[in-house]
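Visitor: Input entry.cif, format and content: mmCIF, C-alpha atoms.
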data_structure
loop_
_atom_site.label_atom_id
_atom_site.label_comp_id
_atom_site.auth_asym_id
_atom_site.auth_seq_id
_atom_site.Cartn_x
_atom_site.Cartn_y
_atom_site.Cartn_z
CA MET F 1 -76.67 -22.10 -4.25
CA GLY F 2 -75.41 -19.24 -2.09
CA THR F 3 -72.13 -19.08 -4.00
CA TYR F 4 -74.00 -19.19 -7.28
CA LEU F 5 -76.31 -16.33 -6.27
CA ALA F 6 -73.32 -14.20 -5.24
CA THR F 7 -71.60 -14.96 -8.54
CA ALA F 8 -74.68 -14.13 -10.58
CA PHE F 9 -75.41 -10.94 -8.66
CA LEU F 10 -71.86 -9.57 -9.02
CA ALA F 11 -71.77 -10.36 -12.75
CA ARG F 12 -75.21 -8.86 -13.39
CA LEU F 13 -74.43 -5.81 -11.26
CA ALA F 14 -71.54 -5.09 -13.64
CA ASP F 15 -73.74 -5.70 -16.68
CA GLU F 16 -76.58 -3.49 -15.45
CA GLY F 17 -74.20 -0.63 -14.61
CA VAL F 18 -72.36 -0.45 -17.93
CA GLY F 19 -74.94 1.68 -19.74
CA ILE F 20 -75.10 4.49 -17.20
CA ALA F 21 -71.32 4.36 -16.63
CA LEU F 22 -70.66 4.84 -20.35
CA ALA F 23 -73.06 7.79 -20.48
CA LEU F 24 -71.39 9.46 -17.49
CA LEU F 25 -67.89 8.85 -18.84
CA ALA F 26 -68.83 10.36 -22.19
CA LEU F 27 -70.37 13.42 -20.56
CA GLU F 28 -67.32 13.98 -18.36
CA ARG F 29 -64.74 13.56 -21.11
CA THR F 30 -66.50 14.84 -24.25
CA ASP F 31 -69.36 17.03 -22.89
CA SER F 32 -71.77 14.94 -24.95
CA PRO F 33 -73.51 11.57 -24.38
CA ALA F 34 -73.25 10.70 -28.08
CA LEU F 35 -70.02 8.70 -27.84
CA GLY F 36 -71.35 6.80 -24.83
CA ALA F 37 -74.51 5.86 -26.74
CA PHE F 38 -72.46 4.74 -29.74
CA VAL F 39 -70.21 2.54 -27.58
CA LEU F 40 -73.23 1.15 -25.71
CA ALA F 41 -74.76 0.13 -29.04
CA ALA F 42 -71.51 -1.70 -29.83
CA TRP F 43 -71.75 -3.39 -26.43
CA LEU F 44 -75.32 -4.59 -27.00
CA ALA F 45 -75.02 -5.53 -30.66
CA PRO F 46 -73.13 -8.85 -30.28
CA HIS F 47 -75.46 -10.36 -27.68
CA ALA F 48 -77.83 -12.21 -30.03
CA VAL F 49 -75.13 -13.00 -32.59
CA ALA F 50 -72.65 -14.39 -30.07
CA ALA F 51 -75.22 -16.35 -28.05
CA PRO F 52 -75.20 -19.61 -30.13
CA LEU F 53 -71.39 -19.67 -30.30
CA VAL F 54 -70.97 -18.96 -26.59
CA GLY F 55 -73.50 -21.66 -25.76
CA THR F 56 -71.72 -24.18 -27.98
CA LEU F 57 -68.34 -23.42 -26.43
CA ALA F 58 -69.82 -23.81 -22.96
CA GLU F 59 -71.31 -27.20 -23.88
CA ARG F 60 -67.96 -28.35 -25.29
CA ALA F 61 -65.88 -27.08 -22.37
CA ARG F 62 -64.34 -29.81 -20.20
CA SER F 63 -64.75 -27.60 -17.14
CA ARG F 64 -67.85 -25.39 -17.01
CA ARG F 65 -66.46 -23.56 -13.99
CA LEU F 66 -63.24 -22.69 -15.81
CA PHE F 67 -65.10 -21.60 -18.94
CA HIS F 68 -67.42 -19.28 -17.02
CA GLY F 69 -64.53 -17.95 -14.94
CA CYS F 70 -62.51 -17.05 -18.06
CA ALA F 71 -65.54 -15.53 -19.80
CA LEU F 72 -66.41 -13.38 -16.78
CA ALA F 73 -62.77 -12.31 -16.41
CA LEU F 74 -62.77 -11.19 -20.05
CA PHE F 75 -66.08 -9.43 -19.43
CA GLY F 76 -64.57 -7.49 -16.51
CA ALA F 77 -61.39 -6.69 -18.45
CA ALA F 78 -63.47 -5.23 -21.28
CA ILE F 79 -65.33 -2.97 -18.82
CA ALA F 80 -62.01 -1.80 -17.36
CA LEU F 81 -60.67 -1.08 -20.84
CA LEU F 82 -63.78 0.95 -21.66
CA GLY F 83 -63.18 3.04 -18.55
CA LEU F 84 -59.59 3.69 -19.60
CA THR F 85 -60.13 4.39 -23.30
CA LEU F 86 -63.52 6.06 -23.79
CA GLY F 87 -62.88 9.64 -24.86
CA ARG F 88 -59.12 9.22 -24.41
CA ALA F 89 -58.08 6.70 -27.05
CA PRO F 90 -58.97 6.10 -30.71
CA VAL F 91 -62.64 5.20 -31.05
CA PRO F 92 -61.96 1.87 -32.84
CA LEU F 93 -60.08 0.63 -29.76
CA THR F 94 -62.99 1.52 -27.48
CA VAL F 95 -65.53 -0.01 -29.86
CA GLY F 96 -63.42 -3.16 -30.09
CA ALA F 97 -63.41 -3.49 -26.32
CA ALA F 98 -67.19 -3.00 -26.30
CA LEU F 99 -67.68 -5.70 -28.94
CA VAL F 100 -65.54 -8.17 -27.00
CA GLY F 101 -67.28 -7.42 -23.70
CA GLY F 102 -70.72 -7.57 -25.30
CA SER F 103 -69.90 -10.96 -26.78
CA MET F 104 -69.48 -12.25 -23.23
CA GLY F 105 -72.87 -10.84 -22.25
CA PRO F 106 -74.75 -14.11 -22.99
CA VAL F 107 -72.58 -15.82 -20.34
CA VAL F 108 -73.72 -13.28 -17.73
CA THR F 109 -77.39 -13.85 -18.53
CA GLY F 110 -78.32 -17.19 -20.06
CA GLY F 111 -74.98 -18.91 -19.49
CA LEU F 112 -75.06 -18.53 -15.72
CA SER F 113 -78.78 -19.26 -15.57
CA SER F 114 -78.22 -22.62 -17.26
CA LEU F 115 -76.11 -23.85 -14.31
CA PRO F 116 -78.73 -24.43 -11.54
CA ALA F 117 -80.83 -26.84 -13.65
CA ALA F 118 -79.77 -29.77 -11.45
CA LEU F 119 -81.33 -28.14 -8.37
CA PRO F 120 -85.07 -27.98 -7.46
CA ARG F 121 -86.01 -25.73 -10.31
CA THR F 122 -88.91 -23.57 -9.18
CA ARG F 123 -87.03 -22.37 -6.11
CA ALA F 124 -83.62 -22.25 -7.83
CA TYR F 125 -84.84 -20.14 -10.71
CA ALA F 126 -86.98 -17.93 -8.51
CA LEU F 127 -83.82 -17.13 -6.53
CA ASP F 128 -81.84 -16.70 -9.75
CA ALA F 129 -84.43 -14.21 -10.98
CA THR F 130 -83.90 -12.13 -7.85
CA THR F 131 -80.27 -11.54 -8.89
CA TYR F 132 -81.47 -9.85 -12.09
CA ASN F 133 -83.92 -7.66 -10.19
CA ALA F 134 -81.49 -6.84 -7.38
CA ALA F 135 -78.78 -5.90 -9.89
CA ALA F 136 -81.22 -3.74 -11.88
CA LEU F 137 -82.21 -2.00 -8.67
CA THR F 138 -78.69 -1.54 -7.25
CA ALA F 139 -76.45 -0.82 -10.24
CA PRO F 140 -77.82 2.54 -11.44
CA ALA F 141 -77.87 3.96 -7.91
CA ALA F 142 -74.38 2.64 -7.10
CA VAL F 143 -72.85 3.98 -10.31
CA SER F 144 -74.53 7.38 -9.98
CA ALA F 145 -73.53 7.74 -6.31
CA THR F 146 -69.91 6.75 -6.97
CA ALA F 147 -69.68 9.05 -9.98
CA SER F 148 -71.04 11.96 -7.93
CA ALA F 149 -68.83 11.32 -4.92
CA ALA F 150 -65.65 10.53 -6.86
CA SER F 151 -65.72 10.09 -10.64
CA PRO F 152 -67.31 8.01 -13.42
CA THR F 153 -63.91 6.39 -13.93
CA LEU F 154 -63.93 4.99 -10.40
CA ALA F 155 -67.51 3.79 -10.89
CA THR F 156 -66.41 1.91 -14.01
CA VAL F 157 -63.44 0.39 -12.19
CA LEU F 158 -65.76 -0.86 -9.46
CA LEU F 159 -68.00 -2.47 -12.08
CA ALA F 160 -64.96 -4.22 -13.55
CA ALA F 161 -63.99 -5.38 -10.05
CA SER F 162 -67.50 -6.73 -9.53
CA ALA F 163 -67.18 -8.80 -12.71
CA GLY F 164 -63.74 -9.96 -11.58
CA GLY F 165 -65.18 -11.08 -8.25
CA ALA F 166 -67.83 -13.04 -10.13
CA ALA F 167 -65.09 -14.69 -12.22
CA LEU F 168 -63.24 -15.83 -9.10
CA LEU F 169 -66.39 -17.10 -7.40
CA SER F 170 -67.53 -18.99 -10.49
CA THR F 171 -64.47 -21.25 -10.32
CA THR F 172 -65.67 -22.53 -6.92
CA LEU F 173 -69.21 -23.44 -8.00
CA ARG F 174 -70.35 -26.97 -7.23
CA PHE F 175 -73.60 -28.53 -8.42
CA PRO F 176 -75.00 -32.05 -7.98
CA ALA F 177 -75.16 -34.37 -10.94
CA GLU F 178 -77.60 -33.06 -13.54
CA ARG F 179 -81.11 -34.48 -13.52
CA LEU F 180 -82.45 -32.89 -16.66
CA SER F 181 -85.89 -33.70 -18.02
CA ALA F 182 -84.62 -32.60 -21.40
CA VAL F 183 -86.18 -33.68 -24.64
CA ARG F 184 -84.52 -34.42 -27.94
CA LEU F 185 -85.22 -32.48 -31.06
CA PRO F 186 -88.13 -33.86 -33.09
CA THR F 187 -86.03 -33.90 -36.28
CA ALA F 188 -83.03 -35.83 -37.43
CA ASP F 189 -79.57 -34.28 -37.47
CA ARG F 190 -79.17 -32.92 -41.01
CA SER F 191 -75.58 -31.76 -40.56
CA THR F 192 -72.94 -33.17 -42.92
CA PRO F 193 -69.56 -34.55 -41.82
CA ARG F 194 -67.98 -31.28 -42.98
CA THR F 195 -70.36 -29.07 -40.97
CA ARG F 196 -69.94 -31.31 -37.94
CA ALA F 197 -66.18 -31.00 -38.24
CA LEU F 198 -66.50 -27.21 -38.33
CA GLY F 199 -68.93 -27.22 -35.41
CA PHE F 200 -71.80 -25.72 -37.43
CA GLY F 201 -74.10 -28.67 -36.64
CA GLU F 202 -73.73 -28.03 -32.91
CA LEU F 203 -73.99 -24.29 -33.45
CA SER F 204 -77.45 -24.64 -35.00
CA THR F 205 -78.79 -27.05 -32.38
CA GLY F 206 -79.92 -24.32 -30.01
CA ILE F 207 -81.56 -22.35 -32.82
CA ARG F 208 -83.46 -25.42 -34.02
CA ALA F 209 -84.42 -26.27 -30.45
CA LEU F 210 -85.99 -22.86 -29.88
CA TRP F 211 -88.05 -23.17 -33.05
CA LEU F 212 -88.88 -26.88 -33.18
CA THR F 213 -89.66 -27.47 -29.49
CA PRO F 214 -93.18 -26.04 -29.02
CA GLN F 215 -92.76 -24.94 -25.40
CA LEU F 216 -89.48 -23.16 -26.15
CA ARG F 217 -90.94 -21.54 -29.25
CA ALA F 218 -93.94 -20.27 -27.30
CA ILE F 219 -91.98 -18.72 -24.44
CA THR F 220 -89.34 -17.25 -26.76
CA LEU F 221 -91.86 -15.55 -29.03
CA SER F 222 -93.93 -14.21 -26.15
CA THR F 223 -91.01 -12.86 -24.10
CA CYS F 224 -89.47 -11.19 -27.15
CA VAL F 225 -92.76 -9.39 -27.83
CA ALA F 226 -93.00 -8.35 -24.16
CA PHE F 227 -89.42 -7.08 -24.20
CA LEU F 228 -90.18 -4.82 -27.14
CA GLY F 229 -92.14 -2.86 -24.53
CA VAL F 230 -89.76 -3.40 -21.61
CA GLY F 231 -86.86 -2.03 -23.66
CA GLY F 232 -88.60 1.30 -24.09
CA LEU F 233 -89.88 1.53 -20.51
CA PRO F 234 -86.94 3.57 -19.10
CA VAL F 235 -87.47 6.36 -21.63
CA ILE F 236 -91.26 6.15 -21.33
CA ALA F 237 -91.06 6.37 -17.53
CA VAL F 238 -89.13 9.64 -17.78
CA LEU F 239 -91.66 11.10 -20.22
CA LEU F 240 -94.63 9.94 -18.13
CA ALA F 241 -93.24 11.37 -14.89
CA ARG F 242 -92.61 14.71 -16.58
CA GLU F 243 -96.17 14.72 -17.94
CA ARG F 244 -97.45 14.00 -14.40
CA GLY F 245 -95.61 17.04 -13.02
CA ASP F 246 -92.29 15.60 -11.78
CA PRO F 247 -89.44 15.89 -14.33
CA GLY F 248 -87.16 13.82 -12.11
CA GLY F 249 -89.73 11.17 -11.26
CA GLY F 250 -88.74 8.71 -14.00
CA GLY F 251 -86.16 7.14 -11.72
CA VAL F 252 -88.79 6.70 -9.01
CA LEU F 253 -91.07 4.83 -11.44
CA LEU F 254 -88.25 2.55 -12.58
CA THR F 255 -87.21 1.92 -8.99
CA ALA F 256 -90.79 1.00 -8.11
CA PHE F 257 -90.88 -1.42 -11.04
CA ALA F 258 -87.56 -3.00 -9.97
CA VAL F 259 -88.66 -3.28 -6.31
CA GLY F 260 -91.88 -4.93 -7.41
CA GLY F 261 -89.95 -7.37 -9.60
CA LEU F 262 -87.62 -8.26 -6.74
CA ALA F 263 -90.58 -8.80 -4.40
CA GLY F 264 -92.32 -10.97 -7.00
CA ALA F 265 -89.28 -13.18 -7.53
CA LEU F 266 -88.61 -13.54 -3.79
CA GLY F 267 -92.26 -14.28 -3.08
CA LEU F 268 -92.32 -16.97 -5.74
CA SER F 269 -89.30 -18.69 -4.19
CA ARG F 270 -91.42 -19.24 -1.05
CA TRP F 271 -94.69 -20.08 -2.81
CA ARG F 272 -95.03 -23.82 -2.26
CA ARG F 273 -98.12 -24.21 -4.45
CA ALA F 274 -96.98 -22.06 -7.36
CA PRO F 275 -98.66 -22.91 -10.70
CA GLY F 276 -96.75 -24.59 -13.51
CA PRO F 277 -94.28 -22.42 -15.45
CA GLU F 278 -96.47 -21.98 -18.54
CA ARG F 279 -99.45 -20.83 -16.49
CA LEU F 280 -97.20 -18.70 -14.29
CA ALA F 281 -95.77 -16.91 -17.35
CA LEU F 282 -99.28 -16.26 -18.67
CA LEU F 283 -100.48 -14.83 -15.35
CA SER F 284 -97.35 -12.71 -15.09
CA LEU F 285 -97.87 -11.14 -18.51
CA LEU F 286 -101.54 -10.43 -17.80
CA VAL F 287 -100.85 -8.80 -14.41
CA THR F 288 -98.12 -6.60 -15.90
CA ALA F 289 -100.34 -5.60 -18.81
CA ALA F 290 -103.23 -4.66 -16.51
CA ALA F 291 -101.03 -2.71 -14.09
CA LEU F 292 -99.34 -0.73 -16.86
CA ALA F 293 -102.70 0.06 -18.44
CA GLY F 294 -103.81 1.36 -15.06
CA ALA F 295 -100.63 3.43 -14.74
CA ALA F 296 -101.34 5.07 -18.08
CA LEU F 297 -104.76 6.17 -16.83
CA ALA F 298 -103.75 6.99 -13.23
CA PRO F 299 -104.81 10.46 -12.02
CA SER F 300 -101.57 11.33 -10.18
CA LEU F 301 -97.91 10.38 -9.82
CA PRO F 302 -98.32 8.48 -6.49
CA TRP F 303 -100.92 6.23 -8.10
CA THR F 304 -98.60 5.79 -11.09
CA VAL F 305 -95.74 4.74 -8.80
CA ALA F 306 -97.95 2.20 -7.02
CA LEU F 307 -99.12 0.71 -10.31
CA PHE F 308 -95.56 0.53 -11.65
CA ALA F 309 -94.68 -1.43 -8.51
CA LEU F 310 -97.62 -3.76 -9.20
CA ALA F 311 -96.44 -4.16 -12.80
CA GLY F 312 -93.00 -5.13 -11.50
CA LEU F 313 -94.60 -7.56 -9.05
CA GLY F 314 -96.25 -9.25 -12.01
CA ASP F 315 -93.11 -9.14 -14.12
CA GLY F 316 -90.84 -10.72 -11.49
CA PRO F 317 -92.15 -14.30 -11.83
CA LEU F 318 -91.96 -14.15 -15.65
CA LEU F 319 -88.20 -14.65 -15.66
CA THR F 320 -88.50 -17.55 -13.22
CA ALA F 321 -91.08 -19.22 -15.45
CA THR F 322 -88.97 -18.59 -18.56
CA LEU F 323 -85.86 -20.14 -17.00
CA ARG F 324 -87.85 -23.14 -15.78
CA ILE F 325 -89.35 -23.78 -19.23
CA ARG F 326 -85.91 -23.58 -20.87
CA ALA F 327 -84.45 -26.00 -18.33
CA ASP F 328 -87.35 -28.45 -18.66
CA HIS F 329 -87.45 -28.58 -22.47
CA ALA F 330 -83.93 -27.86 -23.73
CA PRO F 331 -82.50 -30.81 -25.69
CA GLU F 332 -79.55 -32.74 -24.34
CA GLY F 333 -76.22 -31.13 -25.15
CA ALA F 334 -77.76 -27.77 -26.05
CA ARG F 335 -79.12 -26.48 -22.74
CA THR F 336 -76.58 -23.64 -22.49
CA GLN F 337 -77.20 -22.70 -26.12
CA VAL F 338 -80.93 -22.46 -25.45
CA PHE F 339 -80.35 -20.24 -22.42
CA THR F 340 -77.82 -17.93 -24.09
CA LEU F 341 -79.75 -17.62 -27.34
CA GLY F 342 -83.05 -16.98 -25.56
CA ALA F 343 -81.44 -14.24 -23.48
CA GLY F 344 -79.76 -12.73 -26.54
CA LEU F 345 -83.00 -12.58 -28.49
CA LYS F 346 -84.76 -10.86 -25.58
CA LEU F 347 -81.99 -8.24 -25.39
CA ALA F 348 -82.20 -7.69 -29.14
CA ALA F 349 -85.97 -7.17 -28.81
CA ALA F 350 -85.39 -4.73 -25.93
CA ALA F 351 -82.90 -2.76 -28.05
CA ALA F 352 -85.45 -2.61 -30.87
CA GLY F 353 -88.04 -1.38 -28.39
CA THR F 354 -85.73 1.39 -27.20
CA ALA F 355 -85.18 2.53 -30.79
CA SER F 356 -88.93 2.42 -31.47
CA VAL F 357 -89.66 4.70 -28.53
CA GLY F 358 -87.28 7.25 -30.02
CA ALA F 359 -89.32 7.20 -33.22
CA LEU F 360 -92.63 7.46 -31.32
CA ALA F 361 -91.52 10.02 -28.73
CA GLU F 362 -93.99 12.61 -30.05
CA LEU F 363 -96.94 10.53 -28.86
CA PRO F 364 -98.48 11.37 -25.46
CA PRO F 365 -96.67 9.44 -22.68
CA PRO F 366 -99.87 7.66 -21.50
CA ALA F 367 -100.31 6.35 -25.05
CA LEU F 368 -96.77 4.95 -24.98
CA VAL F 369 -97.46 3.19 -21.66
CA LEU F 370 -100.66 1.74 -23.13
CA LEU F 371 -98.57 0.48 -26.05
CA VAL F 372 -96.24 -1.34 -23.64
CA ALA F 373 -99.29 -2.83 -21.91
CA ALA F 374 -100.69 -3.91 -25.29
CA LEU F 375 -97.42 -5.63 -26.15
CA HIS F 376 -97.61 -7.62 -22.90
CA LEU F 377 -101.19 -8.54 -23.70
CA ALA F 378 -100.13 -9.65 -27.20
CA ALA F 379 -97.32 -11.68 -25.61
CA ALA F 380 -99.87 -13.38 -23.35
CA ALA F 381 -102.04 -14.18 -26.37
CA LEU F 382 -99.06 -15.67 -28.22
CA LEU F 383 -98.15 -17.77 -25.20
CA ARG F 384 -101.73 -18.95 -24.85
CA VAL F 385 -102.02 -19.94 -28.51
CA PHE F 386 -98.61 -21.58 -28.95
CA GLY F 387 -98.61 -23.01 -25.43
CA HIS F 388 -102.00 -24.62 -26.05
CA ARG F 389 -100.66 -26.20 -29.23
CA ALA F 390 -97.65 -27.45 -27.30
CA THR F 391 -99.83 -29.29 -24.77
CA SER F 392 -102.46 -30.53 -27.25
CA PRO F 393 -102.34 -34.16 -28.39
CA GLU F 394 -100.44 -34.39 -31.64
CA ARG F 395 -101.71 -36.22 -34.73
CA PRO F 396 -99.49 -38.99 -36.08
CA GLY F 397 -96.80 -37.66 -38.37
CA VAL F 398 -96.94 -34.15 -36.98
CA ASP F 399 -93.87 -32.84 -35.17
CA ALA F 400 -94.44 -31.98 -31.52
#
Hey, can you dump this file as structure tokens for me?
Guide:
Amino acid sequence: MGTYLATAFLARLADEGVGIALALLALERTDSPALGAFVLAAWLAPHAVAAPLVGTLAERARSRRLFHGCALALFGAAIALLGLTLGRAPVPLTVGAALVGGSMGPVVTGGLSSLPAALPRTRAYALDATTYNAAALTAPAAVSATASAASPTLATVLLAASAGGAALLSTTLRFPAERLSAVRLPTADRSTPRTRALGFGELSTGIRALWLTPQLRAITLSTCVAFLGVGGLPVIAVLLARERGDPGGGGVLLTAFAVGGLAGALGLSRWRRAPGPERLALLSLLVTAAALAGAALAPSLPWTVALFALAGLGDGPLLTATLRIRADHAPEGARTQVFTLGAGLKLAAAAAGTASVGALAELPPPALVLLVAALHLAAAALLRVFGHRATSPERPGVDA
């Protein structure tokens, strides 16, 4: 588990740092962040599209360690190529590198998270969730500090090296034999011999699993709705801090949220009587919604920082619960697909949330924070409704 956590942290450190590195490179080389934003969009775009294919390839691979090592090496090479070409080479070359690197993104998120399913899951996934939070906390500061002390190019090279280190470590991973409590899809395989030969039947298995398995459908819908708000939170934090009298306080709010998330994930890994994953996800969404609503109404910036930390504390266990539900209910032969596709859909929702904040930027910042809180509350309601249906006794002839 220690080797896995190191692998996941290094890979996710590189992933979390790409956005700010691209912005700094663009500013240094073109005096405008526009090119960096354009390339970042190309980096994020393939995540949801590539997720089913990446998951299928991982399931088919004879050696999971070798597959993940090659994918992470390609991920790191793409980051290095971005550092070399952005603002210096033809834009199509840079965009191509971003598309290739972004296509490996599902391996960094869902692909790696599908590996510890053979271990005691509540603790394993609580620890896995800490790698996301630790990377989100460390990467922006590390990239900014390196860019200030040396250059954005060196910061990008270090991100590529971090991904390369993850690639090397992933080839040494060892897990016990899988003991999956997976379920099979409640429908027959409708693929034809031709589609099976082309791999399309396997490619659609993860998609059907997310929709036809009630527990997976519930957590996927609810987390996507929550991430519509999370995606816009970085921009909203900057606007809220400026409205509270500290133009540079947005980073403090985001850091508080990340620290809270890390504390929540670490605390859960030691909580011996933690509730079941469905209930844990519901509590997490409600705590985050309440804390963000309080932050919107807080009288001063210190109170806002404290409530953002509480929101992060509530958000931390949500990822653990999500990973546990995917591991418990993914059908045989499609576990990696379920993980990669679920992660890709969340990132797509976050990107949509970021774009929506741009369109709603004229609203008062507290109203935007309340909107994020409302989205988490709506996500909790969706999880409650669909989760209740998932656990209710089914009538004969009705799919589970």
Visitor: Just so the selection is clear, what residues does the PyMOL selection byres ((chain F and resi 65) around 9) cover here, as an MDAnalysis selection string?
Guide: chainID F and resid 63:64 66:70 170:174
Visitor: At what distance in Å, to one decimal, does atom CA of Leu375 of chain F lie from atom CA of Ala351 of chain F?
Guide: 14.9 Å
Visitor: Going by the chain IDs and residue numbers used in this file, which residues fall under the PyMOL selection byres ((chain F and resi 146) around 12)? Write them as a list of chain:residue names.
Guide: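 Checked against the file, the PyMOL selection byres ((chain F and resi 146) around 12) matches F:Gly17, F:Ile20, F:Ala21, F:Leu24, F:Ala139, F:Pro140, F:Ala141, F:Ala142, F:Val143, F:Ser144, F:Ala145, F:Ala147, F:Ser148, F:Ala149, F:Ala150, F:Ser151, F:Pro152, F:Thr153, F:Leu154, F:Ala155, F:Thr156, F:Val157, F:Leu158, F:Leu159.
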Visitor: As a check of understanding, name the residues that the PyMOL selection byres ((chain F and resi 293) around 10) selects in the supplied structure, as a PDB file with C-alpha atoms, in the coordinates of the input.
Guide:
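Listed below is the output, selection_24.pdb:
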ATOM      1  CA  VAL F 287    -100.850  -8.800 -14.410  1.00  0.00           C
ATOM      2  CA  THR F 288     -98.120  -6.600 -15.900  1.00  0.00           C
ATOM      3  CA  ALA F 289    -100.340  -5.600 -18.810  1.00  0.00           C
ATOM      4  CA  ALA F 290    -103.230  -4.660 -16.510  1.00  0.00           C
ATOM      5  CA  ALA F 291    -101.030  -2.710 -14.090  1.00  0.00           C
ATOM      6  CA  LEU F 292     -99.340  -0.730 -16.860  1.00  0.00           C
ATOM      7  CA  GLY F 294    -103.810   1.360 -15.060  1.00  0.00           C
ATOM      8  CA  ALA F 295    -100.630   3.430 -14.740  1.00  0.00           C
ATOM      9  CA  ALA F 296    -101.340   5.070 -18.080  1.00  0.00           C
ATOM     10  CA  LEU F 297    -104.760   6.170 -16.830  1.00  0.00           C
ATOM     11  CA  ALA F 298    -103.750   6.990 -13.230  1.00  0.00           C
ATOM     12  CA  LEU F 307     -99.120   0.710 -10.310  1.00  0.00           C
ATOM     13  CA  PHE F 308     -95.560   0.530 -11.650  1.00  0.00           C
ATOM     14  CA  ALA F 311     -96.440  -4.160 -12.800  1.00  0.00           C
ATOM     15  CA  PRO F 366     -99.870   7.660 -21.500  1.00  0.00           C
ATOM     16  CA  ALA F 367    -100.310   6.350 -25.050  1.00  0.00           C
ATOM     17  CA  VAL F 369     -97.460   3.190 -21.660  1.00  0.00           C
ATOM     18  CA  LEU F 370    -100.660   1.740 -23.130  1.00  0.00           C
ATOM     19  CA  LEU F 371     -98.570   0.480 -26.050  1.00  0.00           C
ATOM     20  CA  VAL F 372     -96.240  -1.340 -23.640  1.00  0.00           C
ATOM     21  CA  ALA F 373     -99.290  -2.830 -21.910  1.00  0.00           C
ATOM     22  CA  ALA F 374    -100.690  -3.910 -25.290  1.00  0.00           C
TER      23      ALA F 374
END
Visitor: Quick one: of F:Leu112, F:Tyr125, F:Glu278, F:Ala359, who's nearest to Pro214 of chain F, counting all atoms listed in the file?
Guide: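 Comparing F:Leu112, F:Tyr125, F:Glu278, F:Ala359 against Pro214 of chain F, the winner is F:Glu278.
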Visitor: Would you pick out the contacts of Leu233 of chain F at 10 Å or less, using only C-alpha atoms, so that residues sharing its chain but fewer than 6 positions from it are not included, and give the list as a PDB file with C-alpha atoms, in the frame of the given file?
Guide:
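Ended up saving to part_13.pdb:
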ATOM      1  CA  PHE F 227     -89.420  -7.080 -24.200  1.00  0.00           C
ATOM      2  CA  LEU F 239     -91.660  11.100 -20.220  1.00  0.00           C
ATOM      3  CA  LEU F 240     -94.630   9.940 -18.130  1.00  0.00           C
ATOM      4  CA  GLY F 250     -88.740   8.710 -14.000  1.00  0.00           C
ATOM      5  CA  LEU F 253     -91.070   4.830 -11.440  1.00  0.00           C
ATOM      6  CA  LEU F 254     -88.250   2.550 -12.580  1.00  0.00           C
ATOM      7  CA  PHE F 257     -90.880  -1.420 -11.040  1.00  0.00           C
ATOM      8  CA  ALA F 350     -85.390  -4.730 -25.930  1.00  0.00           C
ATOM      9  CA  GLY F 353     -88.040  -1.380 -28.390  1.00  0.00           C
ATOM     10  CA  THR F 354     -85.730   1.390 -27.200  1.00  0.00           C
ATOM     11  CA  VAL F 357     -89.660   4.700 -28.530  1.00  0.00           C
ATOM     12  CA  LEU F 368     -96.770   4.950 -24.980  1.00  0.00           C
ATOM     13  CA  VAL F 369     -97.460   3.190 -21.660  1.00  0.00           C
ATOM     14  CA  VAL F 372     -96.240  -1.340 -23.640  1.00  0.00           C
TER      15      VAL F 372
END
Visitor: Taking (-82.8, -6.7, -14.6) in the file's coordinates, which residues come within 10 Å, counting all atoms listed in the file, written as an MDAnalysis selection string?
Guide: chainID F and resid 12:13 15:16 109 129:139 258 261:262 316 319
Visitor: Kindly give the distance, in Å, that separates atom CA of Ala361 of chain F and atom CA of Cys224 of chain F, rounded to a single decimal.
Guide: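 Atom CA of Cys224 of chain F lies at a distance of 21.4 Å from atom CA of Ala361 of chain F.
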Visitor: Nearest to Thr304 of chain F among F:Leu266, F:Ala237, F:Ala352, F:Leu383, with distances taken over all atoms listed in the file: which residue is it?
Guide: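 The closest residue to Thr304 of chain F is F:Ala237.
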Visitor: List the spatial neighbours of Ala166 of chain F as a PyMOL selection string - criterion: any atom at most 10 Å away, all atoms listed in the file, same-chain residues fewer than 5 positions off excluded.
Guide: chain F and resi 3-14+68-69+72-73+76+108+160-161+171
Visitor: Counting only C-alpha atoms, figure out which residue out of F:Leu283, F:Ala37, F:Val259, F:Leu345 gets nearest to Leu310 of chain F.
Guide: F:Val259
Visitor: In Å, how far is it from atom CA of Gly344 of chain F to atom CA of Ala51 of chain F?
Guide: 6.0 Å
Visitor: Point out the residue among F:Pro365, F:Ala209, F:Ala78, F:Ile219 with the least atom-to-atom distance to Val238 of chain F, counting all atoms listed in the file.
Guide: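 Counting all atoms listed in the file, the residue closest to Val238 of chain F is F:Pro365.
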